[in-house]
Amino acid sequence: MERAAKRRDRRTSRPKPRQDTQRSARRAPRGRGAAGPAAPADSPALQAIWHVVCSIPRGQVSTYGAVARAAGFPGRARQAGFALRMAPAALHLPWHRVVGAGGRIVFTRSSAEYHEQARRLRAEGVLVTAGRVAPRALTDLT
């Protein structure tokens with residue numbers, strides 16, 4: 001009986017979550033003199049990744065990790081994905097030639113992006129089966 005009472009006390013005596021009312025006051029100042037984030041086109045890292053993506057030959061694919069390594073950022077596969085997402089449409093990057101580890105298309109199967117990437121890869125002669133590209137289509141960018 002004593003154990004049940006202790007358990008009940010522990011459950012009801014939890015401290016309430018702290019509500020931070022000062023959040024809005026801690027925002028960075030806006031207006032003159034405030035340094036905002038740099039434009040993506042100004043980032044040398046993103047430009048290096050875009051350059052590597054442009055060098056992937058037609059009919060070949062590479063992984064996000066291999067693109068990041070070739071751009072000089074080993075272990076930064078997510079940064080390669082971010083760079084592709086932030087790329088201006090005017091660059092006309094061959095984004096469809098970059099896949100996930102093991103040759104997997106990383107988009108959800110029911111998404112328009114998944115079907116568009118698979119369509120573009122097949123148009124270039126890359127075999128896509130069950131959301132994966134053929135291993136012989138993977139190229140080494142070193």
# chains A, B, ... in the order shown; residues from 1 in each chain; ligands from 1
$ residues_around --residues "segment 102-113 of chain A" --least-positions-apart "5" --cutoff "6 Å" --atoms "only C-alpha atoms" --output "list in words"
Gly131, Arg132 and Val133 of chain A
$ write_last_selection --atoms "N, CA and C atoms" --output "PDB file, in the first residue's frame"
ATOM      1  N   GLY A 131      12.766   1.523 -56.332  1.00  0.00           N
ATOM      2  CA  GLY A 131      13.298   2.699 -55.658  1.00  0.00           C
ATOM      3  C   GLY A 131      14.800   2.758 -55.538  1.00  0.00           C
ATOM      4  N   ARG A 132      15.495   1.821 -56.197  1.00  0.00           N
ATOM      5  CA  ARG A 132      16.968   1.802 -56.157  1.00  0.00           C
ATOM      6  C   ARG A 132      17.509   1.797 -57.578  1.00  0.00           C
ATOM      7  N   VAL A 133      18.666   2.422 -57.720  1.00  0.00           N
ATOM      8  CA  VAL A 133      19.324   2.397 -59.026  1.00  0.00           C
ATOM      9  C   VAL A 133      20.246   1.189 -59.085  1.00  0.00           C
TER      10      VAL A 133
END
$ atom_distance --atom1 "atom CA of Pro74 of chain A" --atom2 "atom CA of Ala118 of chain A"
26.7 Å
$ residues_around --residues "Arg78 of chain A" --least-positions-apart "5" --cutoff "9 Å" --atoms "only C-alpha atoms" --output "NGL selection string"
:A and (64-65 or 68 or 83)
$ closest_residue --among "A:Gly59, A:Pro88, A:Gly100, A:Gly72" --to "Glu124 of chain A" --atoms "only C-alpha atoms"
A:Gly59
$ residues_around --residues "Ser55 of chain A" --least-positions-apart "4" --cutoff "9 Å" --atoms "only C-alpha atoms" --output "ChimeraX atom specification"
/A:50-51,141
$ write_last_selection --atoms "C-alpha atoms" --output "short mmCIF file (atom, residue, chain, number, x, y, z; two decimals), in the first residue's frame"
data_model
loop_
_atom_site.label_atom_id
_atom_site.label_comp_id
_atom_site.auth_asym_id
_atom_site.auth_seq_id
_atom_site.Cartn_x
_atom_site.Cartn_y
_atom_site.Cartn_z
CA TRP A 50 26.79 22.46 -57.00
CA HIS A 51 29.98 22.22 -59.08
CA LEU A 141 33.64 11.17 -57.99
#
$ closest_residue --among "A:Leu138, A:Ala123, A:Ala130, A:Cys54" --to "Ala87 of chain A" --atoms "only C-alpha atoms"
A:Cys54
$ atom_distance --atom1 "atom CA of Val53 of chain A" --atom2 "atom CA of Val98 of chain A"
7.5 Å
$ residues_around --residues "Pro57 of chain A" --least-positions-apart "5" --cutoff "12 Å" --atoms "only C-alpha atoms" --output "ChimeraX atom specification"
/A:52,62,94-98,121,124-126,137-141
$ atom_distance --atom1 "atom CA of Ala45 of chain A" --atom2 "atom CA of Arg120 of chain A"
26.3 Å
